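Below is target-v6.txt, holding compact mmCIF, C-alpha atoms.
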# COMPACT_ATOMS: atom_id res chain seq x y z
CA MET A 1 26.81 -23.17 33.08
CA ALA A 2 30.10 -24.99 32.48
CA ARG A 3 31.55 -26.93 35.42
CA THR A 4 34.64 -25.04 36.45
CA ARG A 5 36.00 -23.64 39.70
CA PHE A 6 34.45 -20.28 38.95
CA VAL A 7 31.68 -19.66 41.47
CA GLY A 8 28.27 -20.54 40.07
CA ASP A 9 25.53 -17.98 39.57
CA ALA A 10 21.99 -19.32 39.55
CA GLY A 11 20.69 -15.83 38.80
CA LEU A 12 22.79 -15.61 35.65
CA THR A 13 21.70 -19.07 34.50
CA ALA A 14 18.04 -18.19 35.05
CA ARG A 15 18.38 -14.90 33.17
CA MET A 16 20.20 -16.50 30.26
CA THR A 17 17.55 -19.20 29.99
CA LEU A 18 14.73 -16.66 30.09
CA VAL A 19 16.36 -14.33 27.56
CA MET A 20 17.11 -17.18 25.17
CA PHE A 21 13.53 -18.45 25.44
CA LEU A 22 11.97 -15.01 24.91
CA LEU A 23 14.29 -14.03 22.09
CA GLY A 24 13.94 -17.46 20.49
CA ALA A 25 10.17 -17.09 20.52
CA LEU A 26 10.53 -13.53 19.23
CA PHE A 27 12.81 -14.67 16.42
CA VAL A 28 10.50 -17.51 15.39
CA GLY A 29 7.55 -15.12 15.46
CA LEU A 30 9.40 -12.59 13.33
CA ILE A 31 10.37 -15.16 10.71
CA ALA A 32 6.86 -16.67 10.72
CA ILE A 33 5.11 -13.33 10.27
CA VAL A 34 7.46 -11.97 7.64
CA GLY A 35 7.60 -15.34 5.86
CA THR A 36 3.81 -15.51 5.76
CA ILE A 37 3.57 -11.97 4.40
CA PHE A 38 6.05 -12.69 1.63
CA ALA A 39 4.51 -16.09 0.86
CA SER A 40 1.03 -14.57 0.47
CA SER A 41 2.36 -11.83 -1.80
CA PHE A 42 5.12 -13.49 -3.79
CA GLY A 43 4.50 -17.23 -3.40
CA ALA A 44 5.52 -20.00 -0.98
CA GLY A 45 9.11 -19.95 -2.23
CA ALA A 46 9.60 -16.41 -0.93
CA GLY A 47 8.37 -17.42 2.54
CA VAL A 48 10.72 -20.41 2.64
CA LEU A 49 13.62 -18.22 1.53
CA ILE A 50 13.00 -15.82 4.43
CA GLY A 51 13.11 -18.73 6.89
CA VAL A 52 16.31 -20.16 5.40
CA VAL A 53 18.04 -16.77 5.46
CA GLY A 54 17.00 -16.20 9.09
CA LEU A 55 18.32 -19.59 10.22
CA GLY A 56 21.50 -19.00 8.22
CA ILE A 57 22.17 -15.80 10.13
CA VAL A 58 21.71 -17.57 13.47
CA TRP A 59 24.10 -20.33 12.42
CA PHE A 60 26.69 -17.84 11.19
CA GLN A 61 26.47 -15.84 14.43
CA TRP A 62 27.03 -19.01 16.44
CA TYR A 63 29.73 -20.60 14.31
CA LYS A 64 31.82 -17.54 13.44
CA SER A 65 31.33 -15.37 16.53
CA ASP A 66 35.03 -15.41 17.49
CA THR A 67 36.21 -14.61 13.96
CA VAL A 68 33.70 -11.79 13.49
CA ALA A 69 34.56 -10.19 16.85
CA MET A 70 38.30 -10.31 16.21
CA LYS A 71 37.88 -8.76 12.76
CA ALA A 72 35.69 -6.02 14.22
CA MET A 73 38.56 -5.05 16.55
CA ARG A 74 41.29 -5.83 13.99
CA ALA A 75 42.79 -8.20 16.54
CA ARG A 76 45.38 -10.83 15.78
CA GLU A 77 45.99 -14.13 17.52
CA VAL A 78 49.33 -14.19 19.33
CA SER A 79 51.56 -17.18 20.03
CA ARG A 80 53.51 -17.88 23.21
CA GLU A 81 56.65 -16.58 21.48
CA GLN A 82 54.91 -13.27 20.74
CA ALA A 83 53.34 -12.77 24.19
CA PRO A 84 54.88 -15.14 26.75
CA GLU A 85 53.73 -13.20 29.85
CA LEU A 86 50.15 -13.06 28.62
CA HIS A 87 50.11 -16.78 27.86
CA ASP A 88 51.64 -17.61 31.25
CA MET A 89 49.02 -15.54 33.08
CA ILE A 90 46.08 -17.10 31.24
CA GLU A 91 47.49 -20.60 31.69
CA ARG A 92 47.74 -20.06 35.44
CA LEU A 93 44.18 -18.79 35.61
CA CYS A 94 42.87 -21.65 33.47
CA ALA A 95 44.63 -24.19 35.68
CA LEU A 96 43.16 -22.49 38.74
CA ALA A 97 39.69 -22.51 37.18
CA ASP A 98 40.04 -26.03 35.72
CA MET A 99 39.00 -24.97 32.22
CA PRO A 100 40.46 -25.23 28.70
CA LYS A 101 42.89 -22.52 27.66
CA PRO A 102 41.34 -20.19 25.07
CA ARG A 103 43.16 -18.67 22.14
CA ILE A 104 44.70 -15.29 22.91
CA GLY A 105 44.39 -12.19 20.77
CA VAL A 106 45.77 -8.67 20.86
CA ALA A 107 44.15 -5.62 19.25
CA ASP A 108 46.52 -2.80 18.38
CA THR A 109 44.58 0.17 19.74
CA ASP A 110 45.17 2.68 22.51
CA LEU A 111 41.66 2.02 23.85
CA PRO A 112 42.21 0.17 27.18
CA ASN A 113 39.83 -2.77 27.05
CA ALA A 114 39.38 -6.54 26.82
CA PHE A 115 36.71 -9.00 25.75
CA ALA A 116 36.03 -12.72 25.34
CA THR A 117 34.00 -14.44 22.66
CA GLY A 118 33.47 -17.86 21.08
CA ARG A 119 30.85 -20.56 20.65
CA SER A 120 32.21 -22.83 23.42
CA PRO A 121 35.04 -23.03 25.99
CA GLN A 122 36.94 -25.13 23.43
CA ARG A 123 36.37 -22.53 20.68
CA SER A 124 36.91 -19.28 22.52
CA VAL A 125 39.30 -16.37 22.40
CA VAL A 126 40.26 -13.73 24.95
CA VAL A 127 41.38 -10.45 23.42
CA VAL A 128 43.20 -7.58 25.12
CA THR A 129 44.22 -4.27 23.60
CA THR A 130 47.72 -2.87 23.55
CA GLY A 131 46.26 0.08 25.44
CA ILE A 132 45.28 -2.04 28.42
CA LEU A 133 48.60 -3.90 28.42
CA ARG A 134 50.45 -0.57 28.72
CA ARG A 135 48.31 0.77 31.54
CA LEU A 136 47.64 -2.07 33.99
CA THR A 137 49.89 -3.74 36.52
CA ALA A 138 50.26 -7.53 36.46
CA GLU A 139 47.74 -7.95 39.30
CA GLU A 140 45.22 -5.65 37.64
CA LEU A 141 45.59 -7.44 34.30
CA GLU A 142 45.13 -10.79 36.03
CA GLY A 143 41.85 -9.52 37.49
CA VAL A 144 40.65 -8.44 34.04
CA LEU A 145 41.60 -11.77 32.47
CA ALA A 146 39.84 -13.71 35.25
CA HIS A 147 36.74 -11.60 34.54
CA GLU A 148 36.89 -12.45 30.83
CA LEU A 149 37.56 -16.15 31.42
CA SER A 150 34.49 -16.32 33.65
CA HIS A 151 32.38 -15.14 30.69
CA VAL A 152 33.68 -18.15 28.75
CA ALA A 153 33.08 -20.55 31.65
CA HIS A 154 29.57 -19.24 32.27
CA ARG A 155 28.85 -19.43 28.50
CA ASP A 156 27.14 -16.06 28.63
CA VAL A 157 29.27 -14.91 25.67
CA LEU A 158 27.62 -17.59 23.54
CA VAL A 159 24.16 -16.59 24.78
CA MET A 160 24.79 -12.91 24.02
CA THR A 161 26.03 -13.76 20.54
CA ALA A 162 23.18 -16.11 19.66
CA ALA A 163 20.54 -13.90 21.24
CA SER A 164 21.63 -10.93 19.16
CA SER A 165 20.49 -12.77 16.01
CA ALA A 166 16.89 -11.61 16.40
CA GLY A 167 18.01 -7.98 16.52
CA ILE A 168 20.32 -8.44 13.53
CA VAL A 169 17.59 -10.01 11.38
CA ALA A 170 15.13 -7.32 12.49
CA GLY A 171 17.63 -4.61 11.58
CA MET A 172 18.19 -6.14 8.15
CA LEU A 173 14.45 -6.34 7.53
CA THR A 174 14.01 -2.76 8.68
CA ARG A 175 16.62 -1.59 6.20
CA GLY A 176 15.10 -3.77 3.49
CA SER A 177 11.60 -2.44 4.12
CA GLN A 178 12.90 1.12 3.83
CA TYR A 179 14.29 0.30 0.40
CA GLY A 180 10.95 -1.28 -0.42
CA ALA A 181 9.19 1.92 0.50
CA PHE A 182 11.56 3.91 -1.69
CA PHE A 183 11.36 1.68 -4.74
CA GLY A 184 7.86 0.27 -4.31
CA GLY A 185 6.08 3.29 -2.97
CA GLY A 186 2.68 2.50 -1.52
CA ARG A 187 2.16 -0.67 -3.59
CA ARG A 188 0.05 -3.20 -1.66
CA ASP A 189 0.60 -6.16 -4.02
CA ASN A 190 -1.64 -9.02 -2.88
CA ASN A 191 -2.39 -7.47 0.49
CA ASN A 192 -6.09 -6.99 -0.40
CA GLY A 193 -6.07 -3.25 0.02
CA GLY A 194 -4.45 -3.38 3.46
CA LEU A 195 -1.22 -1.75 4.56
CA PRO A 196 1.68 -1.87 2.09
CA ILE A 197 3.90 -4.91 2.61
CA TRP A 198 6.98 -2.82 3.31
CA LEU A 199 5.14 -0.95 6.09
CA VAL A 200 3.95 -4.17 7.79
CA VAL A 201 7.48 -5.61 7.67
CA LEU A 202 8.91 -2.33 8.99
CA LEU A 203 6.54 -2.25 11.98
CA VAL A 204 7.10 -5.91 12.90
CA SER A 205 10.87 -5.50 12.56
CA LEU A 206 11.02 -2.37 14.68
CA VAL A 207 9.04 -3.98 17.51
CA THR A 208 11.28 -7.07 17.38
CA TYR A 209 14.44 -4.97 17.39
CA ALA A 210 13.28 -2.84 20.33
CA ILE A 211 12.38 -5.85 22.49
CA SER A 212 15.59 -7.74 21.70
CA PHE A 213 17.64 -4.58 22.34
CA LEU A 214 16.21 -4.11 25.83
CA LEU A 215 16.43 -7.80 26.79
CA LEU A 216 20.07 -8.00 25.73
CA LYS A 217 20.99 -4.86 27.66
CA LEU A 218 19.36 -6.22 30.83
CA LEU A 219 21.27 -9.50 30.50
CA SER A 220 24.49 -7.68 29.66
CA ARG A 221 24.47 -5.64 32.86
CA TYR A 222 23.88 -8.64 35.10
CA ARG A 223 26.49 -10.81 33.40
CA GLU A 224 29.15 -8.13 33.99
CA LEU A 225 28.44 -8.12 37.72
CA SER A 226 28.52 -11.93 37.69
CA ALA A 227 31.88 -11.95 35.89
CA ASP A 228 33.32 -9.40 38.34
CA ARG A 229 32.22 -11.59 41.23
CA ALA A 230 33.47 -14.85 39.73
CA GLY A 231 36.81 -13.35 38.70
CA ALA A 232 37.35 -11.79 42.11
CA TYR A 233 36.72 -15.05 43.94
CA LEU A 234 39.01 -16.97 41.58
CA THR A 235 42.02 -14.68 42.07
CA MET A 236 41.10 -13.79 45.67
CA LYS A 237 42.16 -10.23 44.81
CA PRO A 238 38.99 -8.17 44.31
CA GLN A 239 40.90 -4.97 45.00
CA ALA A 240 43.05 -5.59 41.92
CA LEU A 241 39.99 -5.82 39.65
CA ALA A 242 38.50 -2.74 41.31
CA SER A 243 41.70 -0.82 40.63
CA ALA A 244 41.71 -2.02 37.01
CA LEU A 245 38.10 -0.92 36.45
CA GLN A 246 38.81 2.53 37.87
CA LYS A 247 41.91 2.89 35.75
CA ILE A 248 40.22 1.67 32.55
CA THR A 249 37.20 3.93 33.03
CA GLY A 250 39.37 6.96 33.71
CA GLU A 251 41.66 6.31 30.75
CA ILE A 252 38.72 5.82 28.33
CA ASN A 253 37.78 9.42 29.00
CA GLN A 254 41.08 10.43 27.38
CA ILE A 255 40.51 8.45 24.16
CA PRO A 256 39.42 10.47 21.07
CA GLN A 257 35.72 10.18 20.22
CA ARG A 258 36.55 8.88 16.74
CA ASP A 259 38.31 5.84 18.20
CA LEU A 260 35.47 5.23 20.64
CA ARG A 261 32.89 5.31 17.85
CA GLN A 262 34.90 2.78 15.85
CA ALA A 263 34.84 0.34 18.79
CA SER A 264 31.26 1.03 19.94
CA ALA A 265 29.83 -2.08 18.22
CA MET A 266 31.75 -4.20 20.76
CA ASN A 267 30.52 -2.34 23.86
CA ALA A 268 28.32 -5.19 25.10
CA PHE A 269 31.37 -7.49 25.13
CA PHE A 270 34.01 -5.12 26.56
CA ILE A 271 34.88 -5.20 30.25
CA ALA A 272 34.05 -1.49 30.27
CA PRO A 273 32.01 0.37 27.62
CA ALA A 274 33.86 2.65 25.21
CA VAL A 275 31.91 5.78 26.15
CA GLN A 276 32.83 9.12 27.67
CA GLY A 277 31.15 11.41 30.15
CA VAL A 278 27.68 9.85 30.13
CA SER A 279 25.58 8.33 32.87
CA LEU A 280 25.25 4.56 32.74
CA ARG A 281 22.16 4.58 34.93
CA THR A 282 19.82 4.04 32.02
CA LEU A 283 17.69 1.19 30.77
CA THR A 284 19.81 0.83 27.64
CA SER A 285 23.22 0.67 29.34
CA THR A 286 25.33 -2.37 28.47
CA HIS A 287 27.11 -2.30 31.84
CA PRO A 288 26.27 -1.59 35.48
CA THR A 289 27.65 1.65 36.86
CA LEU A 290 31.23 1.76 38.07
CA GLU A 291 29.88 2.52 41.53
CA GLN A 292 27.81 -0.69 41.54
CA ARG A 293 30.78 -2.75 40.45
CA LEU A 294 33.13 -1.24 43.01
CA GLU A 295 30.56 -1.68 45.78
CA GLN A 296 30.21 -5.39 44.97
CA LEU A 297 34.00 -5.86 44.91
CA ALA A 298 34.33 -4.04 48.23
CA LYS A 299 31.85 -6.46 49.79
CA ILE A 300 33.85 -9.42 48.46
CA GLN A 301 37.01 -7.80 49.81
CA ALA A 302 35.43 -7.53 53.26
CA GLU A 303 34.19 -11.12 53.07
CA LEU A 304 37.66 -12.42 52.21
CA GLY A 305 39.06 -10.46 55.15
CA ARG A 306 41.87 -8.82 53.21
CA PRO A 307 42.75 -5.17 53.82
CA ALA A 308 42.04 -2.93 50.86
CA ALA A 309 45.06 -1.70 48.97

In structure tokens, what does this structure look like?
Amino acid sequence: MARTRFVGDAGLTARMTLVMFLLGALFVGLIAIVGTIFASSFGAGAGVLIGVVGLGIVWFQWYKSDTVAMKAMRAREVSREQAPELHDMIERLCALADMPKPRIGVADTDLPNAFATGRSPQRSVVVVTTGILRRLTAEELEGVLAHELSHVAHRDVLVMTAASSAGIVAGMLTRGSQYGAFFGGGRRDNNNGGLPIWLVVLLVSLVTYAISFLLLKLLSRYRELSADRAGAYLTMKPQALASALQKITGEINQIPQRDLRQASAMNAFFIAPAVQGVSLRTLTSTHPTLEQRLEQLAKIQAELGRPAA
């Protein structure tokens, strides 16, 4: 965890370390198994190619995470001249937290949300939507920005991005094996009468994807609670973040389903998921429930001894 004035979270550090270790081992196992299968059937060159492609995807995810995320939301970087209030607010928070100022982006969408991404505190970006800028007060927006900056300081954005590589490679292999089934039929090649190559790859990929999916969701929920806590302690205004979360969640229910589907790929990174009318008390939820988040913020409010708004 980066050394800033955001409160530390040993639980988050332990979970990130465990998830990275398990997903790293899973990724290596996936590449080794698939590489061996292809090498035995098509020659050593095919196995090496699988390994190179897999490592290339990991590198791209790490190096270009901020660019990819901004393009996914059609966000643009804004200068101080374009958004002076936003820059002033983030500069104050960064000075308070003793951390580098990230780049600032704005996504032109009515969906009220925000996210942070980037491979390091020096190469990070905090993005807010025009929808959230229209709906929140200055105090509420400050609480949201403190939450997002804590993700950068804790480096959990980097862990989430890198850890998703195993699932991405598994998804690509799953799609590729389906094409192999279509074009290659039941051909076993050099598999000595065993299962068809495409079926073996499909099974291995599906297991890898399922495990990485669940591990990332478990980490995602905890890191949101950690960011709420760290942001609330930094601003000393937990009630402002609580108000923002209630407002964002309520307003998302008014957004058309088409717009929510377009943004759904970013749900794990948003401060609140772009979903309507569903229970978040499930194993696959990217976020803790609103009730859990508000309960934690209420406890911090009581600890700080400030009357609730």

- Item | Among listed residues A:Val52, A:Ile211, A:Ala32, A:Val275, nearest Thr249 of chain A (using only C-alpha atoms) |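 When distances to Thr249 of chain A are compared using only C-alpha atoms, the smallest one comes from A:Val275.
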
- Find the residues with any atom within 12 Å of (20.2, -11.0, 20.8); use only C-alpha atoms and the coordinates as given in the file, and write the answer as number ranges by chain. A: 16, 19-27, 57-58, 61-62, 156-171, 208-220, 268

- Message: Calculated over all atoms listed in the file, which of the candidates A:Glu295, A:Glu224, A:Asp98, A:Glu140 has the smallest distance to Thr4 of chain A?
- Response: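 Counting all atoms listed in the file, the residue closest to Thr4 of chain A is A:Asp98.
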
- Item | Length of the atom CA of Thr130 of chain A to atom CA of Asp108 of chain A vector [Å] |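 So the answer is 5.3 Å.
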
Taking 6 positions as the minimum chain separation for residues in the same chain, which residues sit within 12 Å of Ala265 of chain A when counting all atoms listed in the file? Answer as an mmCIF file with C-alpha atoms, in the frame of the given file.
data_model
loop_
_atom_site.group_PDB
_atom_site.id
_atom_site.type_symbol
_atom_site.label_atom_id
_atom_site.label_comp_id
_atom_site.auth_asym_id
_atom_site.auth_seq_id
_atom_site.Cartn_x
_atom_site.Cartn_y
_atom_site.Cartn_z
ATOM 1 C CA VAL A 68 33.700 -11.790 13.490
ATOM 2 C CA ALA A 69 34.560 -10.190 16.850
ATOM 3 C CA MET A 70 38.300 -10.310 16.210
ATOM 4 C CA LYS A 71 37.880 -8.760 12.760
ATOM 5 C CA ALA A 72 35.690 -6.020 14.220
ATOM 6 C CA MET A 73 38.560 -5.050 16.550
ATOM 7 C CA ASP A 259 38.310 5.840 18.200
ATOM 8 C CA PRO A 273 32.010 0.370 27.620
ATOM 9 C CA ALA A 274 33.860 2.650 25.210
ATOM 10 C CA VAL A 275 31.910 5.780 26.150
ATOM 11 C CA THR A 286 25.330 -2.370 28.470
#
